[in-house]
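Participant: You'll find final-v1.cif just under this line, and it carries mmCIF, C-alpha atoms and all ligand atoms.
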```cif
data_protein
loop_
_atom_site.label_atom_id
_atom_site.label_comp_id
_atom_site.auth_asym_id
_atom_site.auth_seq_id
_atom_site.Cartn_x
_atom_site.Cartn_y
_atom_site.Cartn_z
CA MET A 1 6.75 -15.93 -5.85
CA ASP A 2 10.19 -17.42 -5.53
CA GLN A 3 11.12 -17.42 -1.80
CA THR A 4 14.52 -15.79 -2.39
CA LEU A 5 12.87 -12.87 -4.17
CA LYS A 6 10.22 -12.58 -1.45
CA GLN A 7 12.89 -12.55 1.28
CA SER A 8 14.88 -9.91 -0.60
CA MET A 9 11.79 -7.73 -0.94
CA MET A 10 10.91 -8.04 2.74
CA ALA A 11 14.51 -7.29 3.77
CA TYR A 12 14.61 -4.28 1.44
CA TYR A 13 11.49 -2.72 2.92
CA SER A 14 12.62 -3.43 6.43
CA GLU A 15 16.04 -1.82 5.93
CA ARG A 16 14.51 1.07 4.05
CA ALA A 17 12.13 1.97 6.91
CA PRO A 18 14.04 5.07 8.16
CA GLU A 19 14.31 6.53 4.63
CA TYR A 20 11.08 5.16 3.10
CA ASP A 21 9.08 8.41 3.35
CA GLU A 22 11.57 10.33 1.22
CA ILE A 23 9.73 9.29 -1.93
CA TYR A 24 6.57 10.99 -0.66
CA THR A 25 8.11 14.03 1.01
CA ALA A 26 10.99 14.79 -1.37
CA GLY A 27 10.52 12.64 -4.49
CA LYS A 28 13.77 10.90 -3.50
CA GLY A 29 14.60 7.19 -3.58
CA PRO A 30 13.56 4.68 -6.25
CA THR A 31 11.94 7.28 -8.50
CA SER A 32 11.26 6.60 -12.17
CA ILE A 33 9.70 9.94 -13.11
CA ASN A 34 12.44 12.54 -13.19
CA ASP A 35 10.55 15.28 -11.35
CA PRO A 36 10.55 15.33 -7.52
CA LEU A 37 7.71 17.87 -7.47
CA THR A 38 5.39 15.35 -9.14
CA TYR A 39 5.89 12.90 -6.27
CA LYS A 40 5.24 15.61 -3.69
CA GLU A 41 2.14 16.95 -5.48
CA GLU A 42 0.68 13.52 -6.12
CA THR A 43 1.35 12.51 -2.51
CA ASN A 44 -0.78 15.49 -1.47
CA ARG A 45 -3.56 14.34 -3.81
CA LEU A 46 -3.47 10.89 -2.24
CA LYS A 47 -3.54 12.37 1.26
CA GLN A 48 -6.75 14.23 0.37
CA ILE A 49 -8.33 11.06 -1.04
CA VAL A 50 -7.36 9.01 1.98
CA ASN A 51 -8.75 11.74 4.22
CA THR A 52 -12.08 11.76 2.38
CA LEU A 53 -12.59 8.03 1.91
CA CYS A 54 -11.32 6.37 5.09
CA ALA A 55 -13.89 6.00 7.85
CA GLY A 56 -14.85 3.83 10.82
CA ASP A 57 -12.65 0.89 11.76
CA ILE A 58 -9.61 0.79 9.47
CA LEU A 59 -7.18 -1.92 8.46
CA ASP A 60 -4.02 -0.35 7.01
CA VAL A 61 -2.25 -3.26 5.34
CA PRO A 62 0.66 -3.38 4.91
CA SER A 63 1.15 -0.15 6.78
CA GLY A 64 4.85 0.57 6.13
CA THR A 65 5.75 3.71 8.08
CA ALA A 66 2.04 4.57 8.50
CA PHE A 67 2.67 7.55 6.24
CA TRP A 68 -1.07 7.98 5.51
CA LEU A 69 -2.17 7.64 9.13
CA PRO A 70 -2.33 11.37 10.04
CA SER A 71 -4.41 11.99 6.90
CA TYR A 72 -7.23 9.66 7.94
CA ALA A 73 -7.04 8.65 11.58
CA HIS A 74 -8.47 11.73 13.24
CA HIS A 75 -11.96 10.82 12.04
CA CYS A 76 -11.64 7.04 12.35
CA ALA A 77 -12.65 4.89 15.32
CA THR A 78 -9.90 2.25 15.35
CA VAL A 79 -6.85 1.58 13.21
CA LEU A 80 -5.05 -1.76 12.84
CA LEU A 81 -1.61 -1.33 11.25
CA VAL A 82 -0.08 -4.54 9.93
CA ASP A 83 3.37 -5.10 8.50
CA GLN A 84 5.97 -7.85 8.37
CA SER A 85 8.75 -5.45 9.34
CA LEU A 86 9.45 -4.49 12.95
CA LYS A 87 11.46 -1.52 11.69
CA MET A 88 8.45 -0.28 9.71
CA LEU A 89 6.20 -0.79 12.73
CA LYS A 90 8.64 1.18 14.90
CA GLU A 91 8.28 4.12 12.48
CA SER A 92 4.47 3.67 12.60
CA ARG A 93 4.32 3.74 16.37
CA GLU A 94 6.43 6.88 16.44
CA ARG A 95 4.16 8.58 13.88
CA ALA A 96 1.07 7.59 15.87
CA ARG A 97 2.68 8.97 19.04
CA GLN A 98 3.76 12.25 17.41
CA ASN A 99 0.25 12.79 16.06
CA GLY A 100 -1.53 11.92 19.31
CA LEU A 101 -3.18 8.90 17.67
CA GLU A 102 -1.89 6.05 19.85
CA ASP A 103 -5.22 5.64 21.63
CA ARG A 104 -6.96 4.30 18.52
CA CYS A 105 -4.03 2.40 16.92
CA SER A 106 -3.01 -1.27 17.23
CA PHE A 107 0.09 -2.71 15.61
CA LEU A 108 0.61 -6.23 14.34
CA GLN A 109 3.77 -7.79 12.95
CA THR A 110 2.92 -10.66 10.63
CA ASP A 111 3.27 -11.99 7.12
CA ILE A 112 -0.14 -11.09 5.72
CA PHE A 113 -0.31 -14.36 3.81
CA ASN A 114 0.02 -16.40 6.98
CA TYR A 115 -2.49 -14.39 8.99
CA ASP A 116 -6.06 -15.51 9.51
CA TRP A 117 -8.41 -12.51 9.37
CA ALA A 118 -11.45 -14.55 10.47
CA GLY A 119 -13.32 -12.54 13.08
CA HIS A 120 -11.90 -9.19 11.94
CA GLN A 121 -14.31 -6.86 10.12
CA PHE A 122 -13.40 -3.38 8.93
CA ASP A 123 -15.22 -0.40 7.39
CA THR A 124 -12.18 0.51 5.32
CA VAL A 125 -9.19 -1.51 4.20
CA LEU A 126 -6.37 0.73 2.96
CA VAL A 127 -3.81 -1.00 0.75
CA GLY A 128 -0.95 1.32 -0.16
CA PHE A 129 1.64 0.33 -2.75
CA PHE A 130 1.39 -3.38 -2.15
CA ILE A 131 -0.56 -5.13 -4.90
CA SER A 132 2.06 -3.88 -7.36
CA HIS A 133 4.48 -6.21 -5.56
CA LEU A 134 2.29 -9.30 -5.88
CA THR A 135 2.25 -12.04 -8.50
CA ALA A 136 -1.15 -13.01 -9.91
CA GLU A 137 -1.38 -15.95 -7.50
CA GLU A 138 -0.56 -13.79 -4.45
CA GLU A 139 -2.95 -11.12 -5.66
CA SER A 140 -5.84 -13.64 -5.64
CA LEU A 141 -4.99 -14.79 -2.14
CA PHE A 142 -4.60 -11.24 -0.87
CA PHE A 143 -7.89 -10.00 -2.37
CA SER A 144 -9.74 -12.97 -0.96
CA LYS A 145 -8.30 -12.23 2.51
CA VAL A 146 -9.04 -8.50 2.49
CA CYS A 147 -12.52 -8.91 1.00
CA ASP A 148 -13.33 -11.36 3.81
CA ALA A 149 -12.14 -8.73 6.30
CA LEU A 150 -14.56 -6.08 4.96
CA LYS A 151 -17.91 -5.39 6.60
CA PRO A 152 -20.78 -5.87 4.10
CA SER A 153 -20.78 -2.13 3.33
CA GLY A 154 -17.00 -1.83 3.74
CA LYS A 155 -14.67 -0.22 1.26
CA LEU A 156 -11.30 -1.27 -0.14
CA LEU A 157 -9.08 1.72 -1.00
CA ILE A 158 -5.98 1.05 -3.07
CA LEU A 159 -3.07 3.42 -3.69
CA ASP A 160 -0.49 2.36 -6.25
CA SER A 161 1.78 3.20 -9.17
CA THR A 162 0.67 4.10 -12.71
CA TRP A 163 2.02 2.88 -16.01
CA SER A 164 2.65 5.39 -18.82
CA GLN A 165 4.87 6.01 -21.82
CA GLU A 166 6.89 8.27 -19.54
CA ARG A 167 7.44 5.45 -17.02
CA ALA A 168 8.39 3.11 -19.89
CA LYS A 169 11.53 5.19 -20.45
CA THR A 170 13.06 3.84 -17.20
CA ARG A 171 11.03 0.79 -16.17
CA ASN A 172 9.49 -2.42 -17.47
CA LYS A 173 5.76 -2.71 -16.89
CA GLU A 174 6.28 -5.78 -14.75
CA GLY A 175 9.16 -7.83 -13.37
CA GLU A 176 12.19 -7.81 -11.12
CA GLN A 177 13.85 -4.48 -10.33
CA ALA A 178 17.03 -3.54 -8.50
CA ARG A 179 16.57 -1.25 -5.49
CA LYS A 180 19.30 0.58 -3.58
CA LEU A 181 19.25 2.02 -0.09
CA ASN A 182 20.83 5.44 0.47
CA ASP A 183 23.99 3.65 1.67
CA GLY A 184 24.22 1.74 -1.63
CA THR A 185 23.06 -1.69 -0.37
CA GLU A 186 21.28 -3.47 -3.22
CA PHE A 187 18.19 -5.67 -3.22
CA THR A 188 15.92 -7.19 -5.84
CA ILE A 189 12.17 -6.67 -5.75
CA TYR A 190 9.17 -7.52 -7.95
CA LYS A 191 7.07 -4.59 -9.17
CA LYS A 192 4.30 -3.93 -11.68
CA TYR A 193 2.43 -0.78 -12.76
CA PHE A 194 -1.25 -0.17 -13.49
CA THR A 195 -3.08 1.27 -16.48
CA LEU A 196 -6.74 2.25 -16.20
CA ALA A 197 -7.56 -0.94 -18.12
CA ASP A 198 -5.59 -3.00 -15.57
CA ILE A 199 -7.67 -1.47 -12.77
CA GLU A 200 -10.88 -2.39 -14.58
CA THR A 201 -9.63 -5.95 -15.16
CA LEU A 202 -8.65 -6.25 -11.50
CA GLY A 203 -12.14 -5.15 -10.44
CA LYS A 204 -13.80 -7.70 -12.75
CA LYS A 205 -11.49 -10.46 -11.56
CA PHE A 206 -12.35 -9.90 -7.90
CA ARG A 207 -15.99 -8.80 -8.40
CA LEU A 208 -15.36 -5.26 -7.18
CA THR A 209 -16.53 -2.20 -9.06
CA PHE A 210 -13.67 0.22 -8.76
CA ASP A 211 -14.06 3.98 -8.81
CA VAL A 212 -10.83 5.61 -9.91
CA HIS A 213 -10.33 8.72 -7.77
CA TYR A 214 -6.97 9.70 -9.18
CA PHE A 215 -4.69 8.55 -11.99
CA GLY A 216 -1.55 10.67 -12.20
CA ARG A 217 1.94 10.61 -13.70
CA THR A 218 3.17 8.43 -10.88
CA PHE A 219 0.39 7.45 -8.43
CA CYS A 220 -3.23 6.32 -8.59
CA ALA A 221 -6.05 5.78 -6.11
CA PHE A 222 -9.11 3.60 -6.61
CA SER A 223 -11.71 2.07 -4.34
CA GLY A 224 -14.36 -0.60 -4.49
CA ARG A 225 -16.98 -2.43 -2.48
CA ARG A 226 -18.06 -6.04 -2.51
CA PRO A 227 -21.28 -6.73 -4.43
CA PRO A 228 -24.30 -7.27 -2.18
CA THR A 229 -24.89 -10.95 -1.38
CA THR A 230 -28.22 -12.20 -2.69
C1 LIG B 1 5.86 -0.34 -0.64
S1 LIG B 1 5.64 -0.48 1.08
C2 LIG B 1 4.06 0.30 1.28
C3 LIG B 1 3.79 0.78 2.67
C4 LIG B 1 2.52 1.61 2.87
N1 LIG B 1 1.32 0.87 2.59
C5 LIG B 1 2.50 2.88 2.05
O1 LIG B 1 1.56 3.10 1.30
O2 LIG B 1 3.43 3.69 2.23
C6 LIG B 1 5.27 -2.19 1.22
C7 LIG B 1 5.22 -2.71 2.65
O3 LIG B 1 4.77 -4.06 2.60
C8 LIG B 1 5.39 -4.78 3.64
N2 LIG B 1 5.25 -6.19 3.27
C9 LIG B 1 5.72 -6.79 2.17
N3 LIG B 1 5.33 -8.07 2.12
C10 LIG B 1 4.59 -8.29 3.25
C11 LIG B 1 3.90 -9.42 3.78
N4 LIG B 1 3.89 -10.59 3.12
N5 LIG B 1 3.25 -9.29 4.95
C12 LIG B 1 3.26 -8.10 5.61
N6 LIG B 1 3.88 -7.00 5.14
C13 LIG B 1 4.54 -7.09 3.98
C14 LIG B 1 6.79 -4.22 3.67
O4 LIG B 1 7.44 -4.47 4.89
C15 LIG B 1 6.52 -2.73 3.41
O5 LIG B 1 6.38 -2.04 4.62
#
```
Hey, can you dump this file as structure tokens for me?
Facilitator:
Amino acid sequence: MDQTLKQSMMAYYSERAPEYDEIYTAGKGPTSINDPLTYKEETNRLKQIVNTLCAGDILDVPSGTAFWLPSYAHHCATVLLVDQSLKMLKESRERARQNGLEDRCSFLQTDIFNYDWAGHQFDTVLVGFFISHLTAEEESLFFSKVCDALKPSGKLLILDSTWSQERAKTRNKEGEQARKLNDGTEFTIYKKYFTLADIETLGKKFRLTFDVHYFGRTFCAFSGRRPPTT
């Protein structure tokens, strides 16, 4: 990805940290489905899925505000939360503290693409709303990194945004988008949306058989494991 676009996207998420959760809790922010209740209801569906499927040692990457943390961490051994944004990590720490989860959480500020995961092995890797911001080249690099970080029986759980005729009324399926903070500051980001066929193609490309747990008006959740090595 063009470095100017990447920097804009990172700056946007960093500055948006204090208001980021509004999309989940109130259907506010960069919405493209004109129905706040849908965002709230589908967030609750994702919370249930995260609660059911996350187990053991977890890598939450990138973790943003750690919005999903209280839904999974109570029954997990350790949680590593990774993000490039100190402001996002500040929100994460506060959420961990408020939920009495600090004892099992570690926080790491890094650009995922520059980080060497060698030596880290996780039971679950949770990837929320990130691969939709990656170009095909970045996607390949990211999948290779997270698959290497999975224990042999480990699971990759992805939460992301769905494509539909309804979404097509306000968005392109893929490309640059303008994003505004609540104070009106504008940024440009890259974003794409997933059909069920895209999820299947993604699984084939990275040799993961994905189970789709949810495919809604706005969000989806799917998980996969690495094939056994022969
Ligand atoms: C759309 S948010 C998703 C956050 C969280 N996973 C969730 O589901 O709410 C994307 C996050 O990716 C982080 N991010 C973007 N590029 C990154 C990179 N190269 N390395 C680390 N974090 C990155 C941003 O700072 C932001 O917190």
Participant: Could you pull out the residues sitting within 8 Å of ligand LIG 1 (chain B), using all atoms listed in the file, and write them as a VMD selection string?
Facilitator: chain A and resid 6 9 to 14 17 20 to 21 60 to 68 82 to 85 88 109 to 114 126 to 130 133 159 to 160
Participant: For each of A:Asp183, A:Gly100, A:Glu15, A:Val146, take the minimum atom-to-atom distance to Lys87 (chain A), counting only C-alpha atoms, then give the residue where this is smallest.
Facilitator: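 For Lys87 (chain A), the nearest of the candidates is A:Glu15.
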Participant: Take CA of Gly56 (chain A) and CA of Ala77 (chain A) and report the distance between them in Å, one decimal.
Facilitator: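 Result for CA of Gly56 (chain A) versus CA of Ala77 (chain A): 5.1 Å, one decimal.
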Participant: Please indicate the distance in Å from CA of Leu108 (chain A) to CA of Arg93 (chain A), rounded to one decimal place.
Facilitator: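 One can read the CA of Leu108 (chain A) to CA of Arg93 (chain A) distance as 10.8 Å.
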Participant: Find the nearest atom pair between each residue of region 177-212 of chain A and region 31-36 of chain A for residues within 12 Å, count all atoms listed in the file, give distances in Å to one decimal, sort rows by chain and ascending number, and present the table as a Markdown table.
Facilitator:
```
| residue | atom | partner | partner_atom | distance |
| --- | --- | --- | --- | --- |
| A:Gln177 | CA | A:Ser32 | CA | 11.5 |
| A:Ala178 | CA | A:Thr31 | CA | 12.0 |
| A:Arg179 | CA | A:Thr31 | CA | 10.2 |
| A:Lys180 | CA | A:Thr31 | CA | 11.1 |
| A:Tyr193 | CA | A:Ser32 | CA | 11.5 |
```
Participant: Which is closest to Thr4 (chain A) among A:Thr188, A:Asp57, A:Leu181, A:Tyr24, if we use all atoms listed in the file?
Facilitator: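 Looking only at the distances to Thr4 (chain A), the closest residue turns out to be A:Thr188.
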